[in-house]
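Colleague: The structure file model.cif (mmCIF, C-alpha atoms and all ligand atoms) is provided below.
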data_structure
loop_
_atom_site.label_atom_id
_atom_site.label_comp_id
_atom_site.auth_asym_id
_atom_site.auth_seq_id
_atom_site.Cartn_x
_atom_site.Cartn_y
_atom_site.Cartn_z
CA MET A 71 0.00 0.00 0.00
CA SER A 72 1.40 3.37 -0.95
CA ALA A 73 0.18 6.93 -0.64
CA ASN A 74 2.47 9.73 -1.73
CA PHE A 75 2.71 13.44 -2.42
CA HIS A 76 5.23 14.25 -5.14
CA PHE A 77 5.99 17.97 -5.42
CA ILE A 78 6.84 18.92 -9.00
CA ASN A 79 7.30 22.70 -8.63
CA HIS A 80 5.38 25.91 -7.81
CA ALA A 81 1.80 24.67 -7.12
CA CYS A 82 2.07 21.42 -9.10
CA PHE A 83 2.01 18.07 -7.34
CA ILE A 84 0.99 14.49 -7.91
CA LEU A 85 -1.03 12.36 -5.50
CA GLU A 86 -0.42 8.64 -5.81
CA LYS A 87 -2.43 5.93 -4.06
CA ASP A 88 -1.62 2.30 -4.87
CA GLY A 89 -0.72 3.16 -8.46
CA HIS A 90 -3.64 5.55 -9.02
CA THR A 91 -2.48 9.07 -9.79
CA ALA A 92 -3.78 12.62 -10.01
CA ILE A 93 -1.79 15.73 -10.90
CA PHE A 94 -2.79 19.19 -9.66
CA ASP A 95 -2.13 22.41 -11.63
CA PRO A 96 0.41 20.83 -14.00
CA PHE A 97 2.79 23.74 -14.62
CA LEU A 98 6.06 21.99 -15.42
CA ASP A 99 8.36 24.95 -16.25
CA GLY A 100 11.57 24.91 -14.26
CA ASN A 101 10.87 21.68 -12.39
CA PRO A 102 14.18 20.27 -11.10
CA GLU A 103 13.56 16.76 -12.48
CA GLY A 104 13.17 18.17 -16.00
CA LEU A 105 9.78 16.48 -16.37
CA LYS A 106 7.98 17.22 -19.62
CA ALA A 107 4.32 16.65 -20.46
CA ALA A 108 5.21 13.37 -22.20
CA ASP A 109 6.75 12.05 -18.95
CA ILE A 110 3.54 12.54 -16.96
CA LYS A 111 1.09 9.63 -16.94
CA VAL A 112 -1.84 10.17 -14.62
CA ASP A 113 -5.50 9.20 -14.30
CA TYR A 114 -6.83 12.66 -13.40
CA ILE A 115 -5.79 16.29 -13.79
CA PHE A 116 -7.16 18.94 -11.42
CA ILE A 117 -6.98 22.55 -12.64
CA SER A 118 -7.78 25.35 -10.17
CA HIS A 119 -7.82 28.13 -12.78
CA ALA A 120 -6.49 28.95 -16.22
CA HIS A 121 -3.53 31.20 -15.37
CA PHE A 122 -0.49 29.82 -17.20
CA ASP A 123 1.23 28.73 -13.98
CA HIS A 124 -1.72 26.42 -13.17
CA ILE A 125 -3.25 25.15 -16.43
CA GLY A 126 0.33 24.58 -17.58
CA SER A 127 0.65 21.44 -19.72
CA ALA A 128 -2.76 20.07 -18.72
CA PHE A 129 -4.19 19.62 -22.20
CA GLU A 130 -1.02 18.04 -23.59
CA ILE A 131 -0.87 15.58 -20.69
CA ALA A 132 -4.57 14.75 -20.97
CA LYS A 133 -4.29 14.07 -24.69
CA HIS A 134 -1.29 11.78 -24.52
CA CYS A 135 -2.41 9.67 -21.55
CA GLY A 136 -6.20 9.97 -21.66
CA ALA A 137 -6.48 11.53 -18.19
CA THR A 138 -9.76 13.17 -17.19
CA ILE A 139 -9.54 16.89 -16.42
CA ILE A 140 -11.56 18.08 -13.41
CA SER A 141 -12.13 21.83 -13.18
CA THR A 142 -14.72 24.58 -13.35
CA ALA A 143 -17.23 24.41 -16.20
CA GLU A 144 -15.38 27.14 -18.15
CA VAL A 145 -11.97 25.45 -17.99
CA ALA A 146 -13.51 22.00 -18.58
CA GLY A 147 -15.28 23.50 -21.62
CA LEU A 148 -11.96 24.70 -23.06
CA ALA A 149 -10.48 21.27 -22.38
CA GLY A 150 -13.35 19.59 -24.21
CA GLU A 151 -12.91 21.92 -27.20
CA ALA A 152 -9.21 21.01 -27.21
CA GLY A 153 -10.15 17.33 -27.49
CA CYS A 154 -9.57 16.32 -23.86
CA GLN A 155 -11.79 14.30 -21.60
CA ALA A 156 -13.14 16.66 -18.96
CA HIS A 157 -15.58 16.79 -16.08
CA GLY A 158 -16.91 20.26 -15.34
CA MET A 159 -18.03 21.22 -11.84
CA HIS A 160 -18.51 24.52 -10.08
CA VAL A 161 -17.91 26.31 -6.82
CA GLY A 162 -19.83 24.69 -3.96
CA GLY A 163 -20.58 21.59 -6.01
CA THR A 164 -19.62 18.07 -5.01
CA TYR A 165 -19.36 14.90 -7.09
CA THR A 166 -18.35 11.35 -6.24
CA PHE A 167 -15.83 9.98 -8.75
CA PRO A 168 -14.63 6.34 -8.80
CA PHE A 169 -11.79 7.44 -6.46
CA GLY A 170 -13.94 9.40 -3.99
CA LYS A 171 -15.59 12.74 -3.40
CA VAL A 172 -14.54 16.11 -4.76
CA ARG A 173 -15.80 19.50 -3.62
CA LEU A 174 -15.02 22.64 -5.61
CA THR A 175 -14.31 25.43 -3.13
CA LEU A 176 -14.20 29.19 -3.34
CA ALA A 177 -10.92 30.82 -4.28
CA PHE A 178 -10.69 34.59 -4.46
CA HIS A 179 -8.56 35.05 -7.55
CA GLY A 180 -8.88 35.54 -11.32
CA SER A 181 -10.01 32.58 -13.37
CA GLY A 182 -7.89 33.26 -16.44
CA VAL A 183 -10.92 32.47 -18.62
CA ALA A 184 -13.87 34.68 -19.58
CA GLY A 185 -16.83 34.34 -17.25
CA GLY A 186 -15.09 31.93 -14.94
CA HIS A 187 -14.07 31.66 -11.31
CA ALA A 188 -10.92 30.30 -9.81
CA CYS A 189 -11.47 27.41 -7.40
CA GLY A 190 -9.88 25.14 -4.87
CA PHE A 191 -10.60 21.47 -4.24
CA VAL A 192 -11.31 19.25 -1.27
CA VAL A 193 -10.49 15.78 -2.54
CA ASP A 194 -10.79 12.28 -1.17
CA PHE A 195 -8.43 10.46 -3.53
CA TYR A 196 -8.75 6.77 -2.62
CA GLY A 197 -8.61 7.78 1.05
CA ILE A 198 -6.05 10.60 0.77
CA LYS A 199 -8.00 13.56 2.17
CA LEU A 200 -6.60 16.88 1.06
CA TYR A 201 -7.61 20.50 0.56
CA PHE A 202 -5.80 22.33 -2.23
CA ALA A 203 -6.58 26.05 -1.98
CA GLY A 204 -5.38 26.88 -5.50
CA ASP A 205 -4.49 30.57 -5.80
CA THR A 206 -6.49 32.63 -3.33
CA GLY A 207 -6.50 35.48 -0.91
CA LEU A 208 -7.49 34.75 2.66
CA PHE A 209 -11.24 34.45 3.25
CA GLY A 210 -13.17 33.74 6.44
CA ASP A 211 -15.32 30.99 4.98
CA MET A 212 -12.28 28.73 4.96
CA ALA A 213 -13.45 28.00 8.51
CA LEU A 214 -16.45 26.17 7.03
CA LEU A 215 -14.40 23.72 4.99
CA PRO A 216 -13.42 21.27 7.76
CA LYS A 217 -17.08 21.19 8.82
CA LEU A 218 -18.13 20.08 5.34
CA ASP A 219 -15.58 17.36 4.57
CA PRO A 220 -12.75 15.92 6.63
CA PHE A 221 -9.20 16.47 5.36
CA THR A 222 -5.80 15.65 6.78
CA TYR A 223 -3.71 17.88 4.51
CA ALA A 224 -4.09 21.53 3.52
CA VAL A 225 -1.96 22.62 0.55
CA LEU A 226 -1.77 26.43 0.76
CA PRO A 227 -0.15 29.19 -1.31
CA ILE A 228 2.11 31.38 0.85
CA GLY A 229 3.97 33.47 -1.74
CA GLY A 230 2.05 36.73 -1.41
CA ASN A 231 1.67 39.26 -4.25
CA PHE A 232 -0.79 37.00 -6.16
CA THR A 233 -2.13 35.03 -3.18
CA MET A 234 -2.03 34.81 0.61
CA ASP A 235 1.35 35.62 2.14
CA PRO A 236 2.77 33.68 5.10
CA HIS A 237 0.97 35.90 7.63
CA ASP A 238 -2.41 35.37 5.96
CA ALA A 239 -1.72 31.68 5.25
CA ALA A 240 -1.02 31.20 8.98
CA LEU A 241 -4.53 32.54 9.72
CA ALA A 242 -5.83 30.16 7.05
CA ALA A 243 -4.13 27.25 8.79
CA GLU A 244 -5.80 28.31 12.04
CA MET A 245 -9.23 28.10 10.38
CA LEU A 246 -8.58 24.92 8.42
CA GLN A 247 -7.36 22.84 11.37
CA ALA A 248 -5.68 20.29 9.13
CA LYS A 249 -3.24 17.87 10.75
CA TYR A 250 -0.65 18.89 8.15
CA VAL A 251 -0.10 22.03 6.08
CA ILE A 252 1.98 21.88 2.91
CA PRO A 253 3.05 25.34 1.64
CA VAL A 254 3.31 25.91 -2.12
CA HIS A 255 3.36 28.81 -4.63
CA TYR A 256 6.42 30.55 -3.16
CA ASN A 257 10.05 31.16 -4.24
CA THR A 258 9.26 30.44 -7.90
CA TRP A 259 9.94 34.08 -8.82
CA PRO A 260 11.28 37.11 -6.88
CA PRO A 261 7.82 38.65 -6.13
CA ILE A 262 6.80 35.49 -4.26
CA ALA A 263 10.06 34.83 -2.39
CA GLN A 264 9.24 33.86 1.22
CA ASP A 265 10.88 32.39 4.30
CA VAL A 266 9.12 29.03 4.57
CA GLU A 267 10.97 28.08 7.76
CA ALA A 268 9.55 31.19 9.47
CA TYR A 269 6.08 30.21 8.23
CA LYS A 270 6.51 26.73 9.71
CA LYS A 271 7.58 28.18 13.09
CA ASP A 272 4.66 30.60 13.12
CA VAL A 273 2.00 28.00 12.27
CA GLU A 274 3.39 25.40 14.64
CA ALA A 275 3.53 27.96 17.47
CA HIS A 276 -0.07 29.08 16.99
CA THR A 277 -1.95 26.00 15.79
CA ALA A 278 -2.00 22.23 16.25
CA SER A 279 -1.01 21.78 12.58
CA LYS A 280 2.39 20.54 11.53
CA VAL A 281 3.95 22.19 8.47
CA LEU A 282 5.57 19.85 5.98
CA ILE A 283 8.15 21.65 3.86
CA VAL A 284 8.45 19.69 0.64
CA VAL A 285 11.08 20.78 -1.87
CA PRO A 286 10.45 20.56 -5.63
CA GLY A 287 11.28 17.05 -6.85
CA GLU A 288 10.70 15.50 -3.42
CA THR A 289 8.16 12.78 -2.58
CA ILE A 290 6.71 12.33 0.90
CA PRO A 291 4.48 9.53 2.18
CA LEU A 292 0.93 10.47 3.14
CA GLU A 293 -1.37 9.25 5.89
CA VAL A 294 -4.68 7.84 4.71
NI NI B 301 -3.29 32.53 -10.62
MN MN B 302 -0.48 31.24 -9.57
#
Produce C-alpha cells that represent the structure in this file.
Modeller:
Amino acid sequence: MSANFHFINHACFILEKDGHTAIFDPFLDGNPEGLKAADIKVDYIFISHAHFDHIGSAFEIAKHCGATIISTAEVAGLAGEAGCQAHGMHVGGTYTFPFGKVRLTLAFHGSGVAGGHACGFVVDFYGIKLYFAGDTGLFGDMALLPKLDPFTYAVLPIGGNFTMDPHDAALAAEMLQAKYVIPVHYNTWPPIAQDVEAYKKDVEAHTASKVLIVVPGETIPLEV
C-alpha cells in the first residue's frame, strides 16, 4: 500500500495511491527533475484556474495519456474543445468519482478564462483527504471547509503578491485545522520569495497543525 505526495514545482504536485495518480495544476516549467508533459502519466488532472502557472501542460498531458480533467465548467469546456476528456463542476458543487468525493471550493482570484471563477478542491483520492486552496487570498469561509468534509492535509499558497502571504496563510491554517499544512506557490519568482521556515515556526507555534516543507522534486508519504 502506498500513498504519496510528489511535489513537481510551484503549485504542481501528484497524489499517488496504490498506483492511481492525479496531478494538480500541472505547470512543469523549471521543475528540477526536467519532467515534460510526455513524462507525466496520470489518471486525473485537477486545474484550479487557467492562469499559465496552473493550467500549464494540462491539455497536452490529458491528450497523450487519456487523463480526465476536473475543473470549473469554463476550464472544462476549453479542455473539451481542445479534445480532452473533462468533467466540469462549479464552486460549492460536489461529485463522487470512482476514487472518492470532490468539492469545488471558493478561491478569491482571477479565473484566467472569460466568465469563470478560480477554485480550490477538497479531494478524497482513494482515502487521501486533502484541501488544495489553488491561488487565493485569505477568506473567512475557509473555517467552514473542515465542517463540510474531513481532510488531513491543507496545501496552501504562501507566496504573497498574487495570493495569501505567510501571515495570511497562517490565519488560514488556524481556520482549516488540518493535521498537516503543505506550503506551495512561493520562491518560484522574486515577487513570491518567502521564508518558509519562518512560516513553519509561526504555524506550529499558533496552531496544532504541523507544516511539511516539501522541496520541488521531493516525494513524501501520506497518511490515509
Ligand atoms: Ni493565478
Ligand atoms: Mn499562480
Colleague: So that I can see what lies close to stretch 269-283 of chain A, please list as an MDAnalysis selection string the residues with an atom at most 9 Å from it, counting all atoms listed in the file and leaving out residues fewer than 5 positions away in the same chain.
Modeller: chainID A and resid 228 236:237 239:241 243:244 247:254 264
Colleague: Just to be explicit: take each residue in the selection above, keep C-alpha atoms, and write the result as a CSV table (one decimal), keeping the file's coordinate frame.
Modeller:
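Okay, selection-v1.csv is ready:
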chain,number,residue,atom,x,y,z
A,228,ILE,CA,2.1,31.4,0.8
A,236,PRO,CA,2.8,33.7,5.1
A,237,HIS,CA,1.0,35.9,7.6
A,239,ALA,CA,-1.7,31.7,5.2
A,240,ALA,CA,-1.0,31.2,9.0
A,241,LEU,CA,-4.5,32.5,9.7
A,243,ALA,CA,-4.1,27.2,8.8
A,244,GLU,CA,-5.8,28.3,12.0
A,247,GLN,CA,-7.4,22.8,11.4
A,248,ALA,CA,-5.7,20.3,9.1
A,249,LYS,CA,-3.2,17.9,10.8
A,250,TYR,CA,-0.6,18.9,8.2
A,251,VAL,CA,-0.1,22.0,6.1
A,252,ILE,CA,2.0,21.9,2.9
A,253,PRO,CA,3.0,25.3,1.6
A,254,VAL,CA,3.3,25.9,-2.1
A,264,GLN,CA,9.2,33.9,1.2
Colleague: Which residues come within 12 Å of A:Ala128, counting all atoms listed in the file, excluding same-chain residues fewer than 6 positions away, as a PyMOL selection string?
Modeller: chain A and resi 82+92-98+106-108+110-112+114-122+134-141+145-146+148-150+152-156
Colleague: Can you write out as a Markdown table which residues of chain A fall within 7 Å of ligand MN 302 (chain B), alongside each residue's closest atom pair and its distance in Å to one decimal, counting all atoms listed in the file and ordering rows by chain and ascending residue number?
Modeller:
| residue | atom | partner | partner_atom | distance |
| --- | --- | --- | --- | --- |
| A:His121 | CA | B:MN302 | MN | 6.6 |
| A:Asp123 | CA | B:MN302 | MN | 5.4 |
| A:His124 | CA | B:MN302 | MN | 6.1 |
| A:Asp205 | CA | B:MN302 | MN | 5.5 |
| A:Phe232 | CA | B:MN302 | MN | 6.7 |
| A:His255 | CA | B:MN302 | MN | 6.7 |
Colleague: Pick out the closest residue to ligand NI 301 (chain B) from this set: A:Gly89, A:Gly229, A:Gly170, A:Gly104. Count all atoms listed in the file.
Modeller: A:Gly229
Colleague: Find the residue from A:Pro286, A:Pro227, A:Pro260, A:Gly163 that sits nearest to ligand NI 301 (chain B); use all atoms listed in the file when measuring.
Modeller: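 Distance minimum relative to ligand NI 301 (chain B) lands on A:Pro227.
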Colleague: For atom CA of A:Gly197 and atom CA of A:Glu103, quote the distance in Å rounded to one decimal.
Modeller: 27.5 Å
Colleague: Atom CA of A:Leu246 and atom CA of A:Ala177, how far apart in Å?
Modeller: 14.2 Å
Colleague: Between atom CA of A:Lys87 and atom CA of A:Ile125, what is the spacing in Å?
Modeller: 22.9 Å
Colleague: When you count all atoms listed in the file, which of these residues is closest to A:Thr233: A:His179, A:His157, A:Lys199, A:His187?
Modeller: A:His179
Colleague: From the options A:Ala143, A:Phe75, A:Asp109, A:Pro102, which residue's atoms come nearest to A:Glu130, counting only C-alpha atoms?
Modeller: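 Nearest to A:Glu130: A:Asp109.
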Colleague: Please identify all polymer residues within 10 Å of A:Phe209, counting only C-alpha atoms, omitting same-chain residues fewer than 4 positions from it, and present them as a list in words.
Modeller: Leu176, Ala177, Phe178, Ala213, Met234, Asp238, Leu241, Ala242 and Met245 of chain A
Colleague: Taking all atoms listed in the file into account, which of A:Asp88, A:Glu151, A:Asp99, A:Glu293 comes nearest A:Trp259?
Modeller: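 Ranking A:Asp88, A:Glu151, A:Asp99, A:Glu293 by distance to A:Trp259, first place goes to A:Asp99.
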Colleague: Could you check which of A:Gly190, A:Gly207, A:Gly180, A:Pro291 is closest to ligand NI 301 (chain B), using all atoms listed in the file?
Modeller: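 Looking at the shortest contact to ligand NI 301 (chain B), the residue is A:Gly180.
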